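Undergrad: This one is start-v7.txt, compact mmCIF, C-alpha atoms and all ligand atoms.
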# COMPACT_ATOMS: atom_id res chain seq x y z
CA MET A 1 -14.01 34.58 -11.81
CA LYS A 2 -11.16 32.61 -13.33
CA GLY A 3 -9.53 29.53 -11.92
CA PHE A 4 -6.90 27.01 -12.92
CA ALA A 5 -8.52 23.61 -13.16
CA MET A 6 -8.26 19.95 -13.77
CA LEU A 7 -10.43 19.67 -16.94
CA GLU A 8 -10.28 15.89 -16.66
CA ILE A 9 -7.58 13.37 -15.77
CA GLY A 10 -4.45 14.37 -17.71
CA LYS A 11 -5.76 17.81 -18.79
CA ILE A 12 -5.32 21.20 -17.15
CA GLY A 13 -6.47 24.70 -18.14
CA TRP A 14 -7.97 28.04 -17.14
CA ILE A 15 -11.76 28.16 -16.75
CA GLU A 16 -14.43 30.73 -15.84
CA LYS A 17 -16.76 29.99 -12.93
CA GLU A 18 -19.27 31.84 -10.76
CA LYS A 19 -17.66 33.45 -7.72
CA PRO A 20 -18.53 31.20 -4.73
CA THR A 21 -20.95 32.45 -2.08
CA ALA A 22 -20.74 32.09 1.70
CA GLY A 23 -23.29 30.15 3.74
CA PRO A 24 -23.86 31.32 7.35
CA TYR A 25 -20.69 29.70 8.73
CA ASP A 26 -18.45 30.09 5.67
CA ALA A 27 -15.94 32.58 4.31
CA ILE A 28 -14.90 33.63 0.82
CA VAL A 29 -11.17 34.26 0.56
CA ARG A 30 -8.93 35.68 -2.16
CA PRO A 31 -5.42 34.23 -2.35
CA LEU A 32 -2.27 36.13 -1.35
CA ALA A 33 0.08 33.17 -1.71
CA LEU A 34 -0.45 29.80 -3.35
CA ALA A 35 1.67 26.68 -3.67
CA PRO A 36 1.21 23.70 -5.97
CA CYS A 37 1.70 20.30 -4.36
CA THR A 38 2.93 16.91 -5.47
CA SER A 39 -0.61 15.79 -4.57
CA ASP A 40 -2.01 18.12 -7.29
CA ILE A 41 0.22 16.26 -9.74
CA HIS A 42 -1.04 12.87 -8.51
CA THR A 43 -4.60 14.21 -8.81
CA VAL A 44 -4.37 15.56 -12.35
CA PHE A 45 -1.87 13.38 -14.09
CA GLU A 46 -2.32 10.06 -12.28
CA GLY A 47 -6.03 10.22 -11.42
CA GLY A 48 -5.09 9.95 -7.73
CA ILE A 49 -8.58 10.76 -6.40
CA GLY A 50 -10.49 9.59 -9.45
CA GLN A 51 -12.13 11.55 -12.26
CA ARG A 52 -13.09 15.20 -11.75
CA TYR A 53 -14.32 17.52 -14.52
CA ASN A 54 -13.53 21.26 -14.53
CA ARG A 55 -12.55 21.14 -10.86
CA ILE A 56 -10.32 24.01 -9.71
CA LEU A 57 -6.99 22.75 -8.37
CA GLY A 58 -4.93 23.69 -5.33
CA HIS A 59 -5.21 23.30 -1.57
CA GLU A 60 -2.29 25.35 -0.22
CA ALA A 61 -3.17 29.01 0.34
CA VAL A 62 -2.73 32.07 2.47
CA GLY A 63 -5.34 34.70 1.72
CA GLU A 64 -7.43 37.71 2.59
CA VAL A 65 -11.03 37.28 3.72
CA VAL A 66 -13.44 39.11 1.39
CA GLU A 67 -16.79 37.92 2.74
CA VAL A 68 -18.10 36.04 5.78
CA GLY A 69 -21.43 34.40 6.60
CA SER A 70 -23.80 35.81 9.23
CA GLU A 71 -22.70 33.35 11.97
CA VAL A 72 -18.92 33.78 11.58
CA LYS A 73 -17.57 35.36 14.78
CA ASP A 74 -13.80 35.65 14.63
CA PHE A 75 -13.06 36.71 11.04
CA LYS A 76 -14.06 39.71 8.92
CA PRO A 77 -13.29 41.05 5.46
CA GLY A 78 -9.70 42.25 5.22
CA ASP A 79 -8.28 39.68 7.69
CA ARG A 80 -5.19 37.84 6.48
CA VAL A 81 -5.56 34.11 7.05
CA VAL A 82 -3.75 30.80 6.79
CA VAL A 83 -6.04 28.22 5.17
CA PRO A 84 -5.25 24.59 6.00
CA ALA A 85 -5.31 22.01 3.21
CA ILE A 86 -7.67 19.96 5.38
CA THR A 87 -10.89 21.85 6.20
CA PRO A 88 -13.29 19.38 7.84
CA ASP A 89 -16.87 19.80 8.94
CA TRP A 90 -16.29 20.01 12.69
CA ASN A 91 -19.72 18.93 13.88
CA THR A 92 -19.60 15.23 13.10
CA LEU A 93 -19.27 12.01 15.11
CA GLU A 94 -15.91 11.30 13.47
CA VAL A 95 -14.60 14.53 14.99
CA GLN A 96 -15.93 13.53 18.42
CA GLU A 97 -14.01 10.32 18.03
CA GLY A 98 -10.77 12.17 17.22
CA ARG A 99 -10.59 11.62 13.47
CA HIS A 100 -11.21 15.01 11.93
CA GLN A 101 -9.36 14.14 8.70
CA HIS A 102 -12.08 11.56 8.05
CA SER A 103 -15.03 13.72 9.05
CA GLY A 104 -17.85 12.67 6.72
CA GLY A 105 -15.99 9.62 5.38
CA MET A 106 -12.46 8.37 4.74
CA LEU A 107 -10.23 11.34 3.74
CA ALA A 108 -13.30 13.60 3.42
CA GLY A 109 -11.67 16.35 5.47
CA TYR A 110 -9.70 16.97 2.28
CA LYS A 111 -12.26 19.14 0.47
CA PHE A 112 -10.34 21.38 -1.95
CA THR A 113 -10.36 19.79 -5.43
CA ASN A 114 -11.53 16.51 -3.89
CA ILE A 115 -15.08 17.56 -2.95
CA LYS A 116 -15.31 21.18 -4.18
CA ASP A 117 -13.23 23.72 -6.08
CA GLY A 118 -9.71 24.36 -4.83
CA VAL A 119 -7.76 27.54 -4.15
CA PHE A 120 -6.11 28.30 -7.53
CA ALA A 121 -8.71 30.95 -8.37
CA GLU A 122 -9.51 34.60 -7.86
CA PHE A 123 -11.72 33.56 -4.93
CA PHE A 124 -12.35 30.35 -3.01
CA HIS A 125 -14.80 29.05 -0.42
CA VAL A 126 -13.90 27.95 3.10
CA ASN A 127 -16.48 26.00 5.12
CA ASP A 128 -16.77 26.44 8.90
CA ALA A 129 -14.57 29.56 8.84
CA ASP A 130 -14.22 29.96 12.63
CA MET A 131 -12.89 26.41 12.88
CA ASN A 132 -10.86 26.28 9.66
CA LEU A 133 -9.13 29.66 9.31
CA ALA A 134 -6.24 30.99 11.37
CA HIS A 135 -5.16 34.63 11.63
CA LEU A 136 -1.78 35.30 10.05
CA PRO A 137 0.30 37.40 12.46
CA GLU A 138 2.42 40.32 11.24
CA GLY A 139 6.02 39.41 10.53
CA ILE A 140 5.57 35.94 9.06
CA PRO A 141 6.42 36.05 5.35
CA LEU A 142 3.77 34.70 2.98
CA GLU A 143 6.09 32.04 1.55
CA ALA A 144 6.71 30.65 5.05
CA ALA A 145 3.02 30.84 5.99
CA VAL A 146 1.82 28.95 2.91
CA MET A 147 4.09 26.01 3.83
CA LEU A 148 2.13 25.55 7.06
CA THR A 149 -1.07 24.64 5.23
CA ASP A 150 0.18 21.26 4.05
CA MET A 151 3.96 20.66 3.96
CA VAL A 152 4.58 21.45 7.62
CA THR A 153 1.46 19.83 9.04
CA THR A 154 2.11 16.69 6.97
CA GLY A 155 5.81 16.33 7.75
CA PHE A 156 5.16 16.98 11.43
CA HIS A 157 2.40 14.38 11.44
CA GLY A 158 5.01 11.81 10.43
CA THR A 159 6.89 12.27 13.70
CA GLU A 160 3.67 12.67 15.70
CA MET A 161 2.27 9.34 14.52
CA ALA A 162 5.61 7.68 15.35
CA ASP A 163 5.74 9.39 18.76
CA VAL A 164 9.44 10.20 18.36
CA GLN A 165 11.30 10.12 21.69
CA PHE A 166 14.48 11.89 22.88
CA GLY A 167 17.50 10.18 21.41
CA ASP A 168 15.61 8.12 18.82
CA THR A 169 17.32 7.21 15.60
CA VAL A 170 14.94 8.31 12.85
CA ALA A 171 15.11 7.56 9.14
CA VAL A 172 13.18 9.86 6.82
CA ILE A 173 12.75 8.31 3.38
CA GLY A 174 12.19 11.10 0.88
CA ILE A 175 13.31 14.68 1.47
CA GLY A 176 11.10 16.69 -0.82
CA PRO A 177 9.23 19.40 1.11
CA VAL A 178 7.14 16.86 3.02
CA GLY A 179 10.15 14.80 4.12
CA LEU A 180 12.13 17.94 4.95
CA MET A 181 9.40 18.92 7.39
CA ALA A 182 9.55 15.42 8.86
CA VAL A 183 13.28 15.99 9.41
CA ALA A 184 12.67 19.39 11.01
CA SER A 185 10.00 17.96 13.32
CA ALA A 186 12.16 14.97 14.30
CA GLN A 187 14.80 17.49 15.34
CA LEU A 188 12.24 19.54 17.31
CA LYS A 189 10.97 16.36 19.01
CA GLY A 190 14.46 15.46 20.22
CA ALA A 191 15.62 12.73 17.87
CA GLY A 192 19.27 11.81 18.28
CA ARG A 193 20.36 10.67 14.86
CA ILE A 194 18.36 11.58 11.73
CA LEU A 195 19.11 9.69 8.51
CA ALA A 196 17.66 11.45 5.48
CA VAL A 197 17.14 9.53 2.22
CA GLY A 198 17.13 11.52 -1.03
CA SER A 199 19.30 12.54 -3.95
CA ARG A 200 18.66 16.13 -5.11
CA PRO A 201 21.52 18.29 -3.71
CA VAL A 202 19.27 21.24 -2.89
CA CYS A 203 17.11 18.99 -0.70
CA VAL A 204 20.15 17.32 0.84
CA GLU A 205 21.60 20.68 1.89
CA LEU A 206 18.35 21.84 3.48
CA ALA A 207 17.87 18.47 5.20
CA LYS A 208 21.20 19.03 6.94
CA GLU A 209 20.11 22.51 7.95
CA TYR A 210 16.85 21.17 9.40
CA GLY A 211 18.72 18.56 11.46
CA ALA A 212 19.71 15.52 9.34
CA THR A 213 22.90 13.97 10.69
CA ASP A 214 23.41 11.47 7.84
CA ILE A 215 22.42 11.44 4.18
CA VAL A 216 21.58 8.26 2.29
CA ASN A 217 21.42 8.48 -1.50
CA TYR A 218 19.01 5.82 -2.76
CA LYS A 219 20.59 6.12 -6.20
CA ASN A 220 23.89 4.82 -4.81
CA GLY A 221 22.50 1.42 -3.84
CA ASP A 222 19.93 -0.40 -1.75
CA ILE A 223 18.83 1.81 1.18
CA VAL A 224 18.27 -1.23 3.39
CA GLU A 225 21.90 -2.28 3.02
CA GLN A 226 23.14 1.27 3.46
CA ILE A 227 21.09 1.98 6.58
CA MET A 228 21.70 -1.40 8.22
CA GLU A 229 25.42 -0.87 7.74
CA MET A 230 25.28 2.66 9.12
CA THR A 231 23.44 1.44 12.23
CA ASP A 232 25.69 -1.61 12.83
CA GLY A 233 22.90 -3.97 11.85
CA LYS A 234 20.47 -2.61 14.46
CA GLY A 235 18.17 -0.55 12.25
CA VAL A 236 16.33 2.57 13.36
CA ASP A 237 13.70 3.31 16.02
CA VAL A 238 11.43 5.19 13.64
CA THR A 239 11.06 5.31 9.86
CA ILE A 240 9.02 8.06 8.27
CA ILE A 241 8.06 7.45 4.63
CA ALA A 242 7.74 10.67 2.60
CA GLY A 243 8.52 9.54 -0.94
CA GLY A 244 8.94 6.58 -3.26
CA SER A 245 6.76 3.64 -4.26
CA VAL A 246 5.34 0.69 -2.34
CA ASN A 247 8.78 -0.96 -2.37
CA VAL A 248 9.91 1.82 -0.08
CA ALA A 249 7.32 0.65 2.44
CA SER A 250 8.92 -2.81 2.44
CA ALA A 251 12.33 -1.25 2.91
CA ALA A 252 10.94 0.77 5.82
CA VAL A 253 9.79 -2.38 7.61
CA LYS A 254 13.22 -3.93 7.05
CA ILE A 255 15.23 -1.02 8.44
CA THR A 256 13.00 -0.47 11.49
CA ALA A 257 14.16 -2.28 14.62
CA PRO A 258 11.83 -4.52 16.65
CA ASN A 259 9.41 -2.42 18.71
CA GLY A 260 9.92 0.47 16.29
CA THR A 261 7.40 2.42 14.24
CA ILE A 262 6.93 2.92 10.51
CA SER A 263 4.98 6.11 9.93
CA ASN A 264 3.74 6.83 6.43
CA ILE A 265 2.85 10.28 5.08
CA ASN A 266 3.50 9.38 1.45
CA TYR A 267 0.81 8.87 -1.18
CA PHE A 268 1.03 5.37 -2.66
CA GLY A 269 -0.44 5.68 -6.12
CA GLU A 270 0.26 2.27 -7.56
CA GLY A 271 -0.03 -1.39 -6.75
CA GLU A 272 -2.90 -3.47 -5.39
CA HIS A 273 -1.06 -4.21 -2.12
CA ILE A 274 1.69 -2.78 0.01
CA PRO A 275 4.04 -5.68 0.74
CA ILE A 276 5.19 -6.36 4.30
CA PRO A 277 8.36 -8.48 4.32
CA ARG A 278 7.54 -11.54 6.42
CA ALA A 279 10.94 -12.37 7.94
CA GLU A 280 11.85 -8.79 8.82
CA TRP A 281 8.41 -8.38 10.38
CA GLY A 282 9.50 -11.11 12.77
CA CYS A 283 7.05 -13.52 11.11
CA GLY A 284 4.40 -11.12 12.42
CA MET A 285 5.84 -10.95 15.95
CA ALA A 286 8.38 -8.10 15.85
CA HIS A 287 6.23 -5.47 17.58
CA LYS A 288 6.75 -3.13 14.65
CA THR A 289 3.93 -0.62 14.41
CA ILE A 290 2.85 0.45 10.92
CA THR A 291 0.80 3.63 10.74
CA GLY A 292 -0.03 6.31 8.20
CA GLY A 293 -2.21 9.35 7.96
CA LEU A 294 -3.58 12.37 6.21
CA CYS A 295 -2.25 15.64 7.60
CA PRO A 296 -4.19 17.36 10.40
CA GLY A 297 -6.04 20.52 9.41
CA GLY A 298 -8.25 23.09 11.08
CA ARG A 299 -7.66 26.32 12.93
CA SER A 300 -6.04 25.08 16.12
CA ARG A 301 -3.46 23.05 14.20
CA MET A 302 -2.53 26.08 12.09
CA GLU A 303 -2.32 28.33 15.17
CA ARG A 304 0.09 25.92 16.85
CA LEU A 305 2.31 25.72 13.77
CA ILE A 306 2.22 29.52 13.46
CA GLU A 307 3.63 29.71 17.03
CA LEU A 308 6.63 27.62 15.99
CA VAL A 309 7.44 29.97 13.11
CA LYS A 310 6.65 33.14 15.06
CA TYR A 311 9.10 32.15 17.80
CA ASN A 312 11.77 31.07 15.30
CA ARG A 313 11.84 27.34 16.09
CA PHE A 314 12.39 26.65 12.39
CA ASP A 315 11.89 28.43 9.07
CA PRO A 316 9.74 26.60 6.49
CA GLY A 317 10.13 29.55 4.08
CA LYS A 318 13.57 28.19 3.14
CA MET A 319 11.82 25.54 1.04
CA ALA A 320 10.44 28.19 -1.33
CA THR A 321 13.10 27.88 -4.03
CA HIS A 322 11.01 29.41 -6.82
CA ILE A 323 8.83 32.48 -6.25
CA PHE A 324 6.40 33.68 -8.94
CA GLU A 325 4.18 36.75 -9.01
CA GLY A 326 0.60 36.85 -10.27
CA LEU A 327 -2.21 34.27 -10.33
CA ASP A 328 -1.42 33.55 -13.99
CA LYS A 329 1.87 31.98 -12.90
CA VAL A 330 0.09 29.13 -11.13
CA GLU A 331 0.24 27.11 -14.33
CA GLU A 332 4.02 27.47 -14.67
CA ALA A 333 4.51 26.71 -10.99
CA LEU A 334 2.36 23.57 -11.20
CA LEU A 335 4.28 22.29 -14.22
CA LEU A 336 7.52 22.88 -12.35
CA MET A 337 6.16 20.62 -9.61
CA LYS A 338 5.47 18.00 -12.26
CA ASP A 339 8.95 18.15 -13.77
CA LYS A 340 10.84 18.52 -10.46
CA PRO A 341 14.01 20.13 -11.80
CA LYS A 342 17.13 19.56 -9.72
CA ASP A 343 17.08 22.99 -8.08
CA LEU A 344 13.41 22.81 -7.02
CA ILE A 345 12.04 22.16 -3.58
CA LYS A 346 8.77 24.08 -3.68
CA PRO A 347 7.38 26.87 -5.88
CA VAL A 348 5.24 29.63 -4.38
CA VAL A 349 3.01 32.06 -6.30
CA LEU A 350 2.44 35.48 -4.72
CA VAL A 351 -0.85 37.10 -5.74
CA ALA A 352 -1.07 40.86 -5.30
P1 LIG A 401 8.82 15.16 -3.72
O1 LIG A 401 8.60 14.46 -5.02
O2 LIG A 401 9.28 16.56 -3.73
O3 LIG A 401 9.82 14.32 -2.84
C1 LIG A 401 9.89 12.93 -2.88
C2 LIG A 401 11.17 12.48 -2.22
O4 LIG A 401 11.25 11.06 -2.30
C3 LIG A 401 12.42 13.03 -2.88
O5 LIG A 401 13.37 13.32 -1.88
C4 LIG A 401 12.89 11.84 -3.73
O6 LIG A 401 14.29 11.88 -3.95
C5 LIG A 401 12.51 10.69 -2.83
N1 LIG A 401 12.38 9.42 -3.54
C6 LIG A 401 11.82 9.20 -4.75
N2 LIG A 401 11.91 7.89 -5.07
C7 LIG A 401 12.55 7.28 -4.04
C8 LIG A 401 12.96 5.94 -3.80
N3 LIG A 401 12.72 4.95 -4.65
N4 LIG A 401 13.61 5.68 -2.65
C9 LIG A 401 13.85 6.66 -1.75
N5 LIG A 401 13.49 7.94 -1.93
C10 LIG A 401 12.85 8.25 -3.07
O7 LIG A 401 7.41 15.05 -2.96
P2 LIG A 401 6.77 15.89 -1.76
O8 LIG A 401 7.74 16.03 -0.66
O9 LIG A 401 6.14 17.11 -2.32
O10 LIG A 401 5.59 14.91 -1.35
C11 LIG A 401 5.88 13.61 -0.85
C12 LIG A 401 4.61 12.76 -0.82
O11 LIG A 401 3.73 13.23 0.20
C13 LIG A 401 3.80 12.81 -2.12
O12 LIG A 401 3.42 11.49 -2.46
C14 LIG A 401 2.60 13.62 -1.76
O13 LIG A 401 1.48 13.32 -2.56
C15 LIG A 401 2.41 13.22 -0.33
N6 LIG A 401 1.60 14.11 0.49
C16 LIG A 401 0.90 13.54 1.52
C17 LIG A 401 0.13 14.32 2.36
C18 LIG A 401 -0.55 13.69 3.54
O14 LIG A 401 -1.45 14.32 4.09
N7 LIG A 401 -0.17 12.51 4.00
C19 LIG A 401 0.00 15.75 2.15
C20 LIG A 401 0.86 16.28 1.11
C21 LIG A 401 1.61 15.47 0.31
P3 LIG A 401 15.04 12.87 -4.98
O15 LIG A 401 15.90 13.73 -4.10
O16 LIG A 401 15.79 11.98 -5.88
O17 LIG A 401 14.00 13.67 -5.71
ZN ZN A 402 -0.45 19.75 -0.75
In C-alpha cells, how does this file's structure come out?
TA:
Amino acid sequence: MKGFAMLEIGKIGWIEKEKPTAGPYDAIVRPLALAPCTSDIHTVFEGGIGQRYNRILGHEAVGEVVEVGSEVKDFKPGDRVVVPAITPDWNTLEVQEGRHQHSGGMLAGYKFTNIKDGVFAEFFHVNDADMNLAHLPEGIPLEAAVMLTDMVTTGFHGTEMADVQFGDTVAVIGIGPVGLMAVASAQLKGAGRILAVGSRPVCVELAKEYGATDIVNYKNGDIVEQIMEMTDGKGVDVTIIAGGSVNVASAAVKITAPNGTISNINYFGEGEHIPIPRAEWGCGMAHKTITGGLCPGGRSRMERLIELVKYNRFDPGKMATHIFEGLDKVEEALLLMKDKPKDLIKPVVLVA
C-alpha cells in the first residue's frame, strides 16, 4: 500500500509499505476523511517527537473498517468509524489510575506516527478496536467528524482541565482550530466573558460565532497590557493556552487572577524552561494552578463528542476551510498546514 511519510526530520514523501495486519483485538481501517495537524508539522519539520525514518504521518481520521481481529466484538468490516488521535492500550496500570494518555509511558497513548505508522495511507492499524473506535452515526458530515479526533477533544480538554464555572471570564490564547474548540467548549461550559487572542480574520470571525465576546490581537501590542486593561486590572479566572511560544505561558500567568487556572493544550517546541513570572505568581503564593495535558482519546470520549454534534450543540465542521478530494491531496493539505495562509483554519482530505 502507499502512504505519505516522514522520511526523516525535515523530509516528507510517498512510500510503499506492507498493508498492516490485525492482531486478535485490532482493526484495519481505510480512511474516508483525513486532516493534517499542526502537530504533524512540529513532528516533521521541527523534530517534535525526535527522529523517525519512513514513518507514515497523520493521526486524524474517519474511516471504514476493512478487517477485524478474532476477539473484536462491536465492529465489523464496512462499519464507518471515528478514530481518535489518542489510541491507548486500555489494560495498563496507568489507565487504572486515570491517565490513559500516558498508558505505557509519558504520552504513549499517542501511537500514530509516534510509535507506529499513522493514518495518511491506504490502510492503517488500530489497536484495541473495541476500546478505540467509535461508530459514526448517519447524518454527521465527514469533515465535522474528523475534527472530533483531535481538534475538538484537545480544545475541550483545555476547559475541562481548568474546570470552567458558570460566569467565569476565560482567555483563550491562540484561535487556530485547537483554540477555537477551547472557545466553543468554554461557551458550552457556561463561561461569562470569553476573550480570544489571535490575528487571522477567518479565525476571529469563527471565534465570535463559537462564543468569543472580545477579540485581542497580539500583533497590536502586549496581550498582558491589553487584557489587564479590558478586565479593569483584575485579570481572568481561566487562561487556556492554544498557541504561541513559552513567552505566552508567562503572559498567561500574568493575566490569570489569584486562585485562577492556567490550562495548557499547546505544544511548546522550544526553550529549556517555561518561565513563571515570580511577582505575578504572588512570589509562589497566588493560588494559581498551572496544568496542561494531551487530549483524551478512546471510544467513550469520541462517543460523547459525537453526541454534542449529533444534537447540534456546536458545529466543528465550520473549521474545514479547505476540502480536498483523493488520498494524493494529503501532501498539498499538509503543506497548507505548514504555510498557514490567511484564509486557512483546517484542511480536510476526503478519500473516496
Ligand atoms: P494554529 O497555528 O492554527 O493556531 C495557533 C494560534 O496561536 C493562532 O491563532 C495564532 O494567531 C496564535 N498565536 C501565534 N503566536 C502567538 C503569540 N505570540 N501570541 C498569541 N497568540 C499567538 O495551531 P493549532 O490550533 O492547529 O494548534 C495549536 C497547538 O496545539 C499546536 O502547538 C499543536 O501542536 C497543539 N496540539 C496539542 C494537542 C494536545 O493534545 N495538547 C493536540 C493537537 C494539537 P494567528 O491568528 O496570528 O495565526
Ligand atoms: Zn492533530
Undergrad: What residues of the protein or nucleic acid chains come within 7 Å of ligand ZN 402 (chain A) when you use only C-alpha atoms and all ligand atoms? Reply as JSON, numbers by chain.
TA: {"A": [36, 37, 38, 39, 40, 59, 60, 85, 150, 151]}
Undergrad: Write the residues of the selection above to a file with C-alpha atoms, as a JSON list (two decimals), in the frame of the given file.
TA:
[["chain", "number", "residue", "atom", "x", "y", "z"],
["A", 36, "PRO", "CA", 1.21, 23.70, -5.97],
["A", 37, "CYS", "CA", 1.70, 20.30, -4.36],
["A", 38, "THR", "CA", 2.93, 16.91, -5.47],
["A", 39, "SER", "CA", -0.61, 15.79, -4.57],
["A", 40, "ASP", "CA", -2.01, 18.12, -7.29],
["A", 59, "HIS", "CA", -5.21, 23.30, -1.57],
["A", 60, "GLU", "CA", -2.29, 25.35, -0.22],
["A", 85, "ALA", "CA", -5.31, 22.01, 3.21],
["A", 150, "ASP", "CA", 0.18, 21.26, 4.05],
["A", 151, "MET", "CA", 3.96, 20.66, 3.96]]
Undergrad: Could you name the residues that touch region 117-131 of chain A at 9 Å or less, counting all atoms listed in the file, but leaving out those on the same chain fewer than 2 positions away, as a ChimeraX atom specification?
TA: /A:1-5,19-31,34-36,54-61,66,68-69,72-75,83,87-90,111-115,133-134,298-300,327,330
Undergrad: Tell me, counting all atoms listed in the file, for each residue of chain A within 8 Å of ligand LIG 401 (chain A), which pair of atoms is nearest and how far apart they are in Å to one decimal, in rows ordered by chain and increasing number, as a Markdown table.
TA:
| residue | atom | partner | partner_atom | distance |
| --- | --- | --- | --- | --- |
| A:Cys37 | CA | A:LIG401 | O9 | 5.8 |
| A:Thr38 | CA | A:LIG401 | O9 | 4.5 |
| A:Ser39 | CA | A:LIG401 | O13 | 3.8 |
| A:Asp40 | CA | A:LIG401 | O13 | 7.6 |
| A:Ile41 | CA | A:LIG401 | O13 | 7.9 |
| A:His42 | CA | A:LIG401 | O13 | 6.5 |
| A:Asp150 | CA | A:LIG401 | C20 | 5.8 |
| A:Met151 | CA | A:LIG401 | C20 | 6.1 |
| A:Thr153 | CA | A:LIG401 | O14 | 8.0 |
| A:Thr154 | CA | A:LIG401 | O14 | 5.2 |
| A:Ile173 | CA | A:LIG401 | N5 | 5.4 |
| A:Gly174 | CA | A:LIG401 | O4 | 3.3 |
| A:Ile175 | CA | A:LIG401 | O5 | 3.6 |
| A:Gly176 | CA | A:LIG401 | O3 | 3.4 |
| A:Pro177 | CA | A:LIG401 | O8 | 4.1 |
| A:Val178 | CA | A:LIG401 | O8 | 3.8 |
| A:Gly179 | CA | A:LIG401 | O8 | 5.5 |
| A:Leu180 | CA | A:LIG401 | O8 | 7.4 |
| A:Val197 | CA | A:LIG401 | N5 | 5.8 |
| A:Gly198 | CA | A:LIG401 | O15 | 4.0 |
| A:Ser199 | CA | A:LIG401 | O15 | 3.6 |
| A:Arg200 | CA | A:LIG401 | O15 | 3.8 |
| A:Pro201 | CA | A:LIG401 | O15 | 7.2 |
| A:Cys203 | CA | A:LIG401 | O15 | 6.4 |
| A:Val204 | CA | A:LIG401 | O15 | 7.4 |
| A:Asn217 | CA | A:LIG401 | C9 | 7.8 |
| A:Tyr218 | CA | A:LIG401 | C9 | 5.3 |
| A:Lys219 | CA | A:LIG401 | O16 | 7.6 |
| A:Ile223 | CA | A:LIG401 | N4 | 7.5 |
| A:Ala242 | CA | A:LIG401 | C11 | 4.9 |
| A:Gly243 | CA | A:LIG401 | O4 | 3.4 |
| A:Gly244 | CA | A:LIG401 | N2 | 3.7 |
| A:Ser245 | CA | A:LIG401 | N3 | 6.1 |
| A:Asn247 | CA | A:LIG401 | N3 | 7.5 |
| A:Val248 | CA | A:LIG401 | N4 | 5.9 |
| A:Asn264 | CA | A:LIG401 | N7 | 7.3 |
| A:Ile265 | CA | A:LIG401 | N7 | 3.9 |
| A:Asn266 | CA | A:LIG401 | O11 | 4.1 |
| A:Tyr267 | CA | A:LIG401 | O12 | 3.9 |
| A:Phe268 | CA | A:LIG401 | O12 | 6.6 |
| A:Gly269 | CA | A:LIG401 | O12 | 7.9 |
| A:Gly292 | CA | A:LIG401 | N7 | 7.5 |
| A:Gly293 | CA | A:LIG401 | N7 | 5.5 |
| A:Leu294 | CA | A:LIG401 | O14 | 3.6 |
| A:Cys295 | CA | A:LIG401 | O14 | 3.8 |
| A:Pro296 | CA | A:LIG401 | O14 | 7.5 |
| A:Met337 | CA | A:LIG401 | O2 | 7.8 |
| A:Lys340 | CA | A:LIG401 | O1 | 7.1 |
| A:Lys342 | CA | A:LIG401 | O17 | 7.8 |
| A:Ile345 | CA | A:LIG401 | O2 | 6.2 |
| A:Lys346 | CA | A:LIG401 | O2 | 7.5 |
Undergrad: Box time for region 286-298 of chain A: axis-aligned, enclosing all its listed atoms, 8 Å extra on each side; report centre and edge lengths in Å to one decimal, as AutoDock Vina command-line options.
TA:
--center_x 0.1 --center_y 7.5 --center_z 11.9 --size_x 32.6 --size_y 47.2 --size_z 27.4
Undergrad: Restricting the calculation to only C-alpha atoms, which member of A:Asn220, A:Asn312, A:Asn132, A:Thr159 is positioned closest to Ala186 (chain A)?
TA: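 Closest to Ala186 (chain A), using only C-alpha atoms: A:Thr159.
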Undergrad: What is the CA of Asp237 (chain A) to CA of Ile262 (chain A) distance in Å?
TA: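 Interatomic distance, CA of Asp237 (chain A) to CA of Ile262 (chain A): 8.7 Å.
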Undergrad: Env of Leu93 (chain A): 9 Å cut, atoms = all atoms listed in the file, seq-sep filter 5 positions within chain, self excluded. Answer as a PyMOL selection string.
TA: chain A and resi 98-99+103-104
Undergrad: For Ala286 (chain A), which residue among A:Thr239, A:Gln101, A:Thr43, A:Thr256 is the nearest when counting all atoms listed in the file?
TA: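 Selected residue with least distance to Ala286 (chain A): A:Thr256.
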Undergrad: I'd like to know which of A:Leu308, A:Val81, A:Val238, A:Leu350 is closest to Ala320 (chain A), using all atoms listed in the file.
TA: A:Leu350
Undergrad: Just give me the gap between CA of Pro258 (chain A) and CA of Gly233 (chain A) in Å, one decimal is fine.
TA: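 CA of Pro258 (chain A) sits 12.1 Å away from CA of Gly233 (chain A).
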